[in-house]
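So this one's query20.txt, compact mmCIF, C-alpha atoms:
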# COMPACT_ATOMS: atom_id res chain seq x y z
CA MET A 138 -8.86 29.15 -73.89
CA GLN A 139 -8.76 31.76 -76.62
CA ILE A 140 -7.53 30.52 -80.01
CA LEU A 141 -5.80 33.21 -82.05
CA LEU A 142 -6.22 33.49 -85.77
CA LYS A 143 -3.00 32.59 -87.56
CA ILE A 144 -1.65 34.77 -90.35
CA ASN A 145 0.91 34.15 -93.07
CA GLU A 146 4.04 35.04 -91.10
CA ASN A 147 6.09 35.28 -94.28
CA PHE A 148 4.60 38.74 -94.85
CA ALA A 149 6.46 39.94 -91.76
CA LYS A 150 9.74 39.23 -93.58
CA LEU A 151 8.97 41.77 -96.31
CA PRO A 152 10.25 45.36 -96.28
CA ALA A 153 7.79 47.73 -94.64
CA ASN A 154 6.75 49.15 -98.02
CA TYR A 155 6.86 47.94 -101.61
CA LEU A 156 9.68 49.85 -103.35
CA PHE A 157 7.49 52.08 -105.51
CA ALA A 158 5.03 52.71 -102.67
CA GLU A 159 7.96 53.96 -100.58
CA ILE A 160 9.04 56.27 -103.40
CA ASP A 161 5.52 57.62 -103.77
CA SER A 162 5.31 58.22 -100.01
CA ARG A 163 8.56 60.20 -99.95
CA VAL A 164 7.60 62.28 -102.97
CA LYS A 165 4.16 63.11 -101.52
CA LYS A 166 5.72 64.19 -98.23
CA PHE A 167 8.26 66.39 -100.00
CA SER A 168 5.59 67.94 -102.25
CA GLN A 169 3.45 68.82 -99.25
CA GLN A 170 6.43 70.53 -97.61
CA HIS A 171 7.54 72.26 -100.84
CA PRO A 172 4.40 72.95 -102.91
CA GLU A 173 6.30 75.56 -104.95
CA MET A 174 8.72 73.04 -106.49
CA GLU A 175 7.91 71.38 -109.81
CA ILE A 176 8.54 67.63 -109.53
CA LEU A 177 9.84 65.81 -112.62
CA ARG A 178 9.16 62.09 -112.40
CA LEU A 179 11.59 59.66 -113.99
CA GLY A 180 11.03 57.03 -111.33
CA ILE A 181 8.05 54.70 -111.61
CA GLY A 182 7.77 53.28 -115.12
CA ASP A 183 4.35 54.75 -115.92
CA VAL A 184 3.63 55.84 -119.49
CA THR A 185 2.60 59.37 -120.38
CA ARG A 186 1.64 59.30 -124.06
CA PRO A 187 -2.04 58.73 -124.97
CA LEU A 188 -3.36 55.50 -126.41
CA PRO A 189 -3.52 55.27 -130.22
CA GLU A 190 -6.90 56.33 -131.61
CA ALA A 191 -7.44 52.88 -133.17
CA VAL A 192 -7.21 51.37 -129.69
CA THR A 193 -9.61 53.80 -127.98
CA ASP A 194 -12.06 53.52 -130.89
CA ALA A 195 -12.13 49.74 -130.48
CA MET A 196 -12.62 50.08 -126.74
CA SER A 197 -15.44 52.57 -127.20
CA LYS A 198 -17.18 50.42 -129.79
CA ALA A 199 -16.93 47.36 -127.53
CA ALA A 200 -18.34 49.32 -124.59
CA GLN A 201 -21.29 50.41 -126.75
CA GLU A 202 -21.97 46.79 -127.64
CA LEU A 203 -22.66 46.13 -123.97
CA SER A 204 -25.59 48.57 -124.05
CA HIS A 205 -27.55 46.46 -126.55
CA LYS A 206 -29.34 43.21 -125.84
CA GLU A 207 -28.08 41.57 -129.03
CA THR A 208 -24.40 42.22 -128.30
CA PHE A 209 -24.31 42.25 -124.50
CA ARG A 210 -21.78 39.95 -122.82
CA GLY A 211 -21.44 38.73 -119.26
CA TYR A 212 -18.56 36.62 -118.02
CA GLY A 213 -15.91 36.05 -120.65
CA PRO A 214 -13.52 33.09 -120.94
CA GLU A 215 -11.11 33.01 -117.99
CA ASN A 216 -8.17 32.52 -120.34
CA GLY A 217 -9.20 35.36 -122.65
CA TYR A 218 -11.35 35.76 -125.73
CA LEU A 219 -10.23 33.70 -128.69
CA PHE A 220 -10.08 36.75 -130.97
CA LEU A 221 -7.29 38.25 -128.85
CA ARG A 222 -5.40 35.01 -128.29
CA LYS A 223 -5.44 34.40 -132.06
CA ALA A 224 -4.12 37.91 -132.72
CA ILE A 225 -1.29 37.40 -130.23
CA SER A 226 -0.45 33.96 -131.61
CA GLU A 227 -0.25 35.30 -135.16
CA HIS A 228 1.42 38.66 -134.64
CA ASP A 229 3.82 38.11 -131.75
CA TYR A 230 4.82 34.54 -132.53
CA LYS A 231 3.92 33.00 -135.89
CA GLN A 232 5.10 36.06 -137.80
CA ARG A 233 8.46 35.49 -136.12
CA GLY A 234 8.49 31.81 -137.06
CA ILE A 235 7.48 30.62 -133.58
CA ASP A 236 4.71 28.04 -133.36
CA ILE A 237 2.61 29.22 -130.42
CA GLU A 238 -1.08 28.33 -130.59
CA PRO A 239 -3.96 30.39 -129.12
CA ASP A 240 -4.60 27.79 -126.40
CA GLU A 241 -1.05 28.36 -125.14
CA VAL A 242 -1.85 32.05 -124.49
CA PHE A 243 -3.51 33.19 -121.24
CA ILE A 244 -4.86 36.75 -121.03
CA SER A 245 -4.57 38.58 -117.70
CA ASP A 246 -4.66 42.06 -116.17
CA GLY A 247 -0.89 42.50 -116.08
CA ALA A 248 2.54 40.90 -116.19
CA LYS A 249 3.01 42.02 -112.60
CA SER A 250 0.03 39.87 -111.60
CA ASP A 251 1.24 36.86 -113.58
CA THR A 252 4.90 36.95 -112.55
CA GLY A 253 3.69 37.31 -108.99
CA SER A 254 1.10 34.54 -109.20
CA ILE A 255 2.96 31.95 -111.28
CA GLY A 256 4.42 30.51 -108.09
CA ASP A 257 0.98 29.17 -107.22
CA ILE A 258 1.57 26.18 -109.52
CA PHE A 259 4.99 25.33 -108.04
CA SER A 260 5.98 23.75 -104.74
CA VAL A 261 7.26 25.97 -101.96
CA ASP A 262 10.21 23.58 -101.71
CA ASN A 263 11.62 24.74 -105.04
CA THR A 264 14.78 26.82 -105.09
CA VAL A 265 14.37 30.22 -106.76
CA ALA A 266 17.08 32.09 -108.67
CA VAL A 267 16.85 35.78 -109.54
CA CYS A 268 19.07 38.37 -111.12
CA ASP A 269 20.51 40.93 -108.71
CA PRO A 270 19.39 43.71 -109.18
CA VAL A 271 15.88 42.48 -109.91
CA TYR A 272 12.27 43.61 -110.33
CA PRO A 273 11.07 43.40 -106.69
CA VAL A 274 7.89 41.43 -107.46
CA TYR A 275 9.87 38.26 -108.24
CA VAL A 276 11.45 38.26 -104.79
CA ASP A 277 8.58 39.63 -102.72
CA THR A 278 6.01 37.14 -103.97
CA ASN A 279 8.35 34.24 -103.21
CA VAL A 280 8.87 35.67 -99.74
CA MET A 281 5.10 35.68 -99.31
CA ALA A 282 4.90 32.07 -100.51
CA GLY A 283 7.59 30.87 -98.08
CA ARG A 284 10.37 30.02 -100.58
CA ALA A 285 12.76 32.82 -99.64
CA GLY A 286 13.89 31.92 -96.14
CA ASN A 287 15.15 34.65 -93.85
CA TYR A 288 16.54 38.03 -94.74
CA VAL A 289 20.25 38.66 -94.16
CA LYS A 290 21.15 42.34 -94.20
CA GLY A 291 23.23 43.26 -97.22
CA LYS A 292 22.86 39.79 -98.75
CA GLY A 293 19.16 39.21 -99.31
CA PHE A 294 17.10 36.13 -98.45
CA ASP A 295 19.09 33.04 -97.56
CA LYS A 296 17.08 30.53 -99.62
CA ILE A 297 17.10 32.56 -102.82
CA VAL A 298 19.94 32.14 -105.31
CA TYR A 299 21.05 35.65 -106.29
CA MET A 300 22.83 35.98 -109.63
CA PRO A 301 24.94 39.16 -109.43
CA CYS A 302 24.65 41.49 -112.44
CA ARG A 303 27.54 43.92 -112.11
CA ARG A 304 29.45 46.23 -114.40
CA GLU A 305 32.29 43.69 -114.45
CA ASN A 306 30.09 41.04 -116.12
CA GLY A 307 28.18 43.45 -118.35
CA PHE A 308 25.20 43.31 -115.97
CA MET A 309 24.47 39.80 -117.26
CA PRO A 310 23.59 36.96 -114.86
CA GLN A 311 25.89 33.95 -114.78
CA ILE A 312 24.79 30.32 -114.52
CA PRO A 313 24.59 29.66 -110.76
CA GLU A 314 26.84 27.10 -109.09
CA ARG A 315 23.98 26.18 -106.75
CA HIS A 316 21.06 24.29 -108.34
CA ALA A 317 17.95 26.36 -109.09
CA ASP A 318 14.47 25.04 -109.93
CA MET A 319 12.75 28.30 -110.86
CA ILE A 320 14.84 30.89 -112.71
CA TYR A 321 13.50 34.40 -113.25
CA LEU A 322 14.99 36.22 -116.24
CA CYS A 323 13.90 39.63 -117.56
CA PHE A 324 15.18 40.94 -120.91
CA PRO A 325 15.47 43.69 -121.87
CA ASN A 326 16.20 43.97 -118.20
CA ASN A 327 14.39 45.93 -115.57
CA PRO A 328 16.13 47.81 -113.95
CA THR A 329 19.48 47.83 -115.81
CA GLY A 330 18.07 48.27 -119.33
CA ILE A 331 20.47 45.65 -120.71
CA GLY A 332 19.35 43.27 -123.48
CA ILE A 333 20.44 39.66 -124.05
CA LYS A 334 21.71 38.06 -127.27
CA LYS A 335 20.68 34.65 -128.53
CA PRO A 336 23.89 32.73 -127.70
CA GLU A 337 23.74 33.95 -124.11
CA LEU A 338 20.05 33.11 -123.75
CA LYS A 339 20.68 29.64 -125.22
CA LYS A 340 23.02 28.92 -122.28
CA TRP A 341 20.06 29.36 -119.93
CA VAL A 342 17.78 27.16 -122.00
CA ASP A 343 20.45 24.45 -122.09
CA TYR A 344 20.90 24.73 -118.32
CA ALA A 345 17.16 24.48 -117.67
CA LEU A 346 16.79 21.43 -119.92
CA GLU A 347 19.76 19.68 -118.36
CA ASN A 348 18.74 20.47 -114.78
CA LYS A 349 14.97 20.04 -115.21
CA ALA A 350 14.40 23.65 -114.20
CA VAL A 351 11.84 26.16 -115.46
CA ILE A 352 12.71 29.61 -116.79
CA LEU A 353 10.19 32.33 -115.95
CA TYR A 354 10.95 34.79 -118.72
CA ASP A 355 9.65 38.34 -118.43
CA ALA A 356 9.62 39.93 -121.91
CA ALA A 357 7.53 42.96 -120.96
CA TYR A 358 9.94 45.33 -122.75
CA GLU A 359 10.60 43.34 -125.94
CA ALA A 360 9.00 46.04 -128.11
CA PHE A 361 11.85 48.39 -127.17
CA ILE A 362 14.53 46.15 -128.71
CA THR A 363 16.42 47.95 -131.47
CA GLU A 364 19.34 45.61 -132.11
CA THR A 365 18.63 42.85 -134.62
CA ASP A 366 20.62 40.09 -132.89
CA MET A 367 18.48 40.14 -129.74
CA PRO A 368 15.54 37.74 -129.36
CA HIS A 369 12.10 39.19 -128.76
CA SER A 370 10.95 35.89 -127.26
CA ILE A 371 12.70 33.08 -125.43
CA PHE A 372 10.85 30.71 -127.76
CA GLU A 373 13.19 31.80 -130.54
CA ILE A 374 15.69 29.51 -128.80
CA ASP A 375 15.53 25.80 -129.65
CA GLY A 376 14.24 23.75 -126.73
CA ALA A 377 12.72 26.67 -124.84
CA LYS A 378 9.17 25.37 -125.26
CA LYS A 379 10.17 22.44 -123.04
CA CYS A 380 11.51 24.59 -120.19
CA ALA A 381 10.16 28.16 -120.29
CA ILE A 382 7.12 30.28 -119.51
CA GLU A 383 6.96 33.75 -121.07
CA PHE A 384 5.24 36.85 -119.72
CA ARG A 385 4.30 39.81 -121.91
CA SER A 386 2.39 43.00 -121.32
CA PHE A 387 0.51 45.71 -123.19
CA SER A 388 1.42 48.21 -120.44
CA LYS A 389 4.65 49.68 -121.80
CA THR A 390 4.27 48.32 -125.34
CA ALA A 391 0.90 49.95 -125.98
CA GLY A 392 0.41 52.33 -123.06
CA PHE A 393 -2.00 50.10 -121.10
CA THR A 394 -0.66 50.83 -117.60
CA GLY A 395 -4.06 52.20 -116.59
CA VAL A 396 -6.10 49.94 -118.87
CA ARG A 397 -4.56 46.63 -117.70
CA CYS A 398 -3.97 43.78 -120.11
CA ALA A 399 -1.16 41.26 -120.51
CA TYR A 400 -0.64 37.62 -121.29
CA THR A 401 1.38 34.58 -120.31
CA VAL A 402 2.48 31.89 -122.75
CA ILE A 403 2.82 28.32 -121.51
CA PRO A 404 3.59 25.80 -124.27
CA LYS A 405 1.58 22.59 -124.13
CA GLU A 406 4.76 20.52 -124.32
CA LEU A 407 6.10 22.03 -121.10
CA GLN A 408 5.76 19.25 -118.55
CA PHE A 409 7.46 17.91 -115.45
CA GLY A 410 6.85 14.23 -114.96
CA SER A 411 3.26 13.62 -116.00
CA VAL A 412 2.14 17.17 -115.16
CA TYR A 413 1.52 19.72 -117.91
CA LEU A 414 2.01 23.30 -116.72
CA ASN A 415 -0.37 24.67 -119.35
CA HIS A 416 -3.17 22.74 -117.69
CA LEU A 417 -2.12 23.76 -114.18
CA TRP A 418 -2.07 27.45 -115.02
CA GLY A 419 -5.42 27.20 -116.78
CA ARG A 420 -6.84 25.54 -113.67
CA ARG A 421 -5.38 28.24 -111.46
CA GLN A 422 -6.75 31.05 -113.61
CA SER A 423 -10.23 29.57 -113.86
CA THR A 424 -10.35 29.38 -110.07
CA LYS A 425 -8.84 32.72 -109.13
CA MET A 426 -9.96 35.16 -111.82
CA ASN A 427 -12.83 35.82 -114.21
CA GLY A 428 -10.77 37.28 -117.02
CA VAL A 429 -10.13 40.74 -118.44
CA SER A 430 -13.08 42.88 -119.52
CA TYR A 431 -14.39 42.60 -123.07
CA PRO A 432 -13.76 46.28 -124.04
CA VAL A 433 -10.15 46.03 -122.84
CA GLN A 434 -9.56 42.86 -124.85
CA ARG A 435 -11.02 44.50 -127.96
CA ALA A 436 -8.68 47.43 -127.36
CA ALA A 437 -5.74 45.01 -127.08
CA GLU A 438 -6.79 43.32 -130.31
CA ALA A 439 -6.72 46.71 -132.05
CA VAL A 440 -3.06 47.08 -131.09
CA PHE A 441 -2.30 44.54 -133.83
CA THR A 442 -4.11 46.45 -136.61
CA PRO A 443 -1.96 48.54 -139.00
CA GLU A 444 -3.30 51.72 -137.39
CA GLY A 445 -2.64 50.39 -133.90
CA GLN A 446 0.88 49.32 -134.80
CA ALA A 447 1.63 52.72 -136.29
CA GLY A 448 0.41 54.42 -133.12
CA ILE A 449 2.38 52.34 -130.65
CA LYS A 450 5.55 52.53 -132.75
CA GLU A 451 5.26 56.31 -132.71
CA ASN A 452 4.92 56.28 -128.92
CA ILE A 453 7.84 53.89 -128.46
CA ALA A 454 9.99 56.06 -130.73
CA CYS A 455 9.27 59.03 -128.45
CA TYR A 456 10.32 57.04 -125.38
CA HIS A 457 13.46 55.86 -127.20
CA GLU A 458 14.30 59.50 -127.88
CA ASN A 459 13.85 60.33 -124.21
CA ALA A 460 16.13 57.43 -123.26
CA ARG A 461 18.76 58.76 -125.67
CA ILE A 462 18.48 62.23 -124.13
CA ILE A 463 19.00 60.81 -120.64
CA ARG A 464 21.82 58.47 -121.61
CA GLU A 465 23.78 60.92 -123.75
CA GLY A 466 23.10 63.96 -121.57
CA LEU A 467 24.34 62.27 -118.41
CA SER A 468 27.30 60.64 -120.14
CA LYS A 469 28.49 63.97 -121.54
CA ALA A 470 28.31 65.41 -118.04
CA GLY A 471 30.60 62.67 -116.73
CA PHE A 472 28.09 60.18 -115.34
CA GLU A 473 28.50 56.45 -115.90
CA THR A 474 25.37 55.16 -117.68
CA TYR A 475 24.11 51.85 -119.09
CA GLY A 476 21.02 50.63 -120.94
CA GLY A 477 18.58 52.94 -122.68
CA ILE A 478 19.18 51.43 -126.14
CA ASN A 479 16.95 48.35 -126.12
CA SER A 480 14.96 49.53 -123.13
CA PRO A 481 13.15 52.56 -121.70
CA TYR A 482 15.44 52.44 -118.65
CA VAL A 483 18.82 54.08 -118.07
CA TRP A 484 20.95 52.64 -115.27
CA MET A 485 23.37 55.21 -113.86
CA LYS A 486 26.09 55.05 -111.24
CA VAL A 487 25.38 57.47 -108.40
CA PRO A 488 27.97 60.16 -107.64
CA ASP A 489 30.75 59.27 -105.23
CA GLY A 490 29.85 59.69 -101.59
CA PHE A 491 26.16 58.77 -101.96
CA THR A 492 24.22 55.60 -101.31
CA SER A 493 21.33 54.98 -103.68
CA TRP A 494 18.71 56.25 -101.24
CA GLU A 495 20.86 59.24 -100.25
CA PHE A 496 21.10 60.19 -103.90
CA PHE A 497 17.32 59.76 -104.25
CA ASP A 498 16.69 62.18 -101.38
CA SER A 499 19.32 64.66 -102.56
CA LEU A 500 18.09 64.57 -106.16
CA LEU A 501 14.53 65.18 -105.01
CA SER A 502 15.36 67.99 -102.58
CA LYS A 503 17.93 69.83 -104.71
CA ALA A 504 16.70 69.22 -108.25
CA GLY A 505 13.06 68.16 -107.90
CA VAL A 506 13.73 65.01 -109.94
CA VAL A 507 12.46 61.55 -108.99
CA GLY A 508 14.27 58.35 -109.91
CA THR A 509 14.51 54.88 -108.38
CA PRO A 510 17.34 53.91 -106.00
CA GLY A 511 19.18 50.83 -107.22
CA SER A 512 19.36 49.23 -103.79
CA GLY A 513 15.57 48.84 -103.96
CA PHE A 514 16.18 46.21 -106.65
CA GLY A 515 18.61 44.14 -104.57
CA PRO A 516 22.04 44.21 -102.92
CA CYS A 517 23.92 44.55 -106.22
CA GLY A 518 21.82 47.58 -107.10
CA GLU A 519 23.47 49.63 -104.37
CA GLY A 520 25.44 52.48 -105.86
CA TYR A 521 23.19 52.74 -108.92
CA PHE A 522 20.02 54.56 -109.90
CA ARG A 523 17.28 53.90 -112.47
CA LEU A 524 15.80 56.65 -114.63
CA THR A 525 12.86 56.03 -116.96
CA ALA A 526 12.09 57.47 -120.38
CA PHE A 527 8.34 57.55 -119.68
CA ASN A 528 7.79 61.28 -119.59
CA THR A 529 7.45 64.09 -122.09
CA LYS A 530 10.50 65.19 -124.08
CA GLU A 531 10.25 68.63 -122.47
CA ASN A 532 10.31 67.22 -118.94
CA THR A 533 13.06 64.76 -119.81
CA LEU A 534 15.28 67.57 -121.11
CA LYS A 535 14.58 69.64 -117.99
CA ALA A 536 15.29 66.71 -115.69
CA VAL A 537 18.63 65.93 -117.32
CA GLN A 538 19.60 69.60 -117.15
CA ARG A 539 18.73 69.76 -113.46
CA ILE A 540 20.70 66.59 -112.68
CA THR A 541 23.78 67.77 -114.54
CA ASP A 542 23.60 71.29 -113.13
CA THR A 543 23.38 69.94 -109.59
CA PHE A 544 25.64 66.89 -109.61
CA ALA A 545 27.95 66.99 -112.65
CA LYS A 546 31.62 66.48 -111.89

Could you express the structure from this file as structure tokens?
Amino acid sequence: MQILLKINENFAKLPANYLFAEIDSRVKKFSQQHPEMEILRLGIGDVTRPLPEAVTDAMSKAAQELSHKETFRGYGPENGYLFLRKAISEHDYKQRGIDIEPDEVFISDGAKSDTGSIGDIFSVDNTVAVCDPVYPVYVDTNVMAGRAGNYVKGKGFDKIVYMPCRRENGFMPQIPERHADMIYLCFPNNPTGIGIKKPELKKWVDYALENKAVILYDAAYEAFITETDMPHSIFEIDGAKKCAIEFRSFSKTAGFTGVRCAYTVIPKELQFGSVYLNHLWGRRQSTKMNGVSYPVQRAAEAVFTPEGQAGIKENIACYHENARIIREGLSKAGFETYGGINSPYVWMKVPDGFTSWEFFDSLLSKAGVVGTPGSGFGPCGEGYFRLTAFNTKENTLKAVQRITDTFAK
């Protein structure tokens, strides 16, 4: 009798395409059919400004070291070179009064990888809570792992606790009535662009401590915070080191989307029973990856030099200006917009009579502008649309003009 190979059937529960792969597919098809139309991309959050010279110089120097016997390196530490973990500990935490040590920092190739893989160290029996709308990776990777249950049209997966983020509650998640073990939070938020203030974040830390839950805190956009009363790290909140894991990235902060470098912080005091999560994640990483390349880690280290800081702040200022152009331009034309102040994302309400995907197709065909349909981020994203500030100022101005000319009330 023939024995068939078994596959992970949870993959069959996923949408046919990852959200941004679907967008790319539709744009490519349209471009092939209309090669004469200039496409302005405010959809996928990919940076456009070049890396600071201090960063590329450090990368080049490190690459040259590999061509000499005396300075050649093979495998690096799975958790990252100490020079980079020390720089992160000092600059991103200790300078803010947060006691995070280098051995609590784990270097990786991206926050997407880490937020998607962190579930490896948790049981599939745990209940997951996510904001709605939400970065799709949080949901999709838990579907793959078997924590999500079955999909119910218009409602999402029946084992996931969705925390609605609507205009009526300021797009802020509320403490769920149903118990959650693993709580994904992202601030400043992707996709809504909304930031969180310390008193609100403290409510989540208090909940996690009381309910023995873990907060999986995605701070990939913390460098875009402009308001002084917003925390850049969840570890600014008392007690968070006993209940939270933080993810950060060089992708948007320093323009590393194509270079790939990020890190996850797991405090050594974070434990459940007799199990320390810092140790579990270190064990997972040493088994499943061989670290980020030496030249890339030297480039990341250079981000923290005075020259590197000046360069990335200049780039972020340009993206902030683009966000302002989008937010103010659309608002003046009568569109309802949110975010774009502490974030590179502007969350807009689609015109009446459109679903999110209908607006995507109409915007592409009539104006040649690409955004991201809100329904791709979850049921509560329906009726909204995400635009990114990651383009040139010239293209951003043209895109806003095209949108307002075509759809303004």

Nearest to Ile225 (chain A) by atom-to-atom distance, counting all atoms listed in the file, from A:Phe243, A:Phe393, A:Tyr358, A:Phe522: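 Comparing A:Phe243, A:Phe393, A:Tyr358, A:Phe522 against Ile225 (chain A), the winner is A:Phe243.
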
With the cut-off set at 12 Å and counting all atoms listed in the file, tabulate each residue of region 390-479 of chain A with an atom at most that distance from an atom of region 161-182 of chain A, showing the nearest atom pair and its distance in Å to one decimal, ordered by chain and increasing number, as CSV.
residue,atom,partner,partner_atom,distance
A:Thr390,CA,A:Gly182,CA,11.9
A:Gly392,CA,A:Gly182,CA,10.9
A:Phe393,CA,A:Gly182,CA,11.9
A:Thr394,CA,A:Gly182,CA,9.1
A:Gly395,CA,A:Gly182,CA,12.0
A:Tyr456,CA,A:Gly182,CA,11.2
A:Asn459,CA,A:Leu179,CA,10.5
A:Ala460,CA,A:Leu179,CA,10.6
A:Ile463,CA,A:Leu179,CA,10.0

Could you dump the residues just selected with C-alpha atoms as a PDB file, in the frame of the given file?
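Final file, result.pdb:
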ATOM      1  CA  THR A 390       4.270  48.320-125.340  1.00  0.00           C
ATOM      2  CA  GLY A 392       0.410  52.330-123.060  1.00  0.00           C
ATOM      3  CA  PHE A 393      -2.000  50.100-121.100  1.00  0.00           C
ATOM      4  CA  THR A 394      -0.660  50.830-117.600  1.00  0.00           C
ATOM      5  CA  GLY A 395      -4.060  52.200-116.590  1.00  0.00           C
ATOM      6  CA  TYR A 456      10.320  57.040-125.380  1.00  0.00           C
ATOM      7  CA  ASN A 459      13.850  60.330-124.210  1.00  0.00           C
ATOM      8  CA  ALA A 460      16.130  57.430-123.260  1.00  0.00           C
ATOM      9  CA  ILE A 463      19.000  60.810-120.640  1.00  0.00           C
TER      10      ILE A 463
END

Length of the CA of Tyr475 (chain A) to CA of Phe384 (chain A) vector [Å]: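 These two atoms are separated by 24.1 Å.
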
Would you compute the distance between CA of Pro481 (chain A) and CA of Glu227 (chain A)? Give it in Å to one decimal.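 Separating CA of Pro481 (chain A) from CA of Glu227 (chain A) is a distance of 25.7 Å.
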
Atom pair CA of Ala504 (chain A) / CA of Arg539 (chain A): separation (Å):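 If I compute the distance from CA of Ala504 (chain A) to CA of Arg539 (chain A), I get 5.6 Å.
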
Using all atoms listed in the file, can you tell me which of A:Ala381, A:Val487, A:Ile320, A:Cys268 comes closest to Arg303 (chain A)?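 The closest residue to Arg303 (chain A) is A:Cys268.
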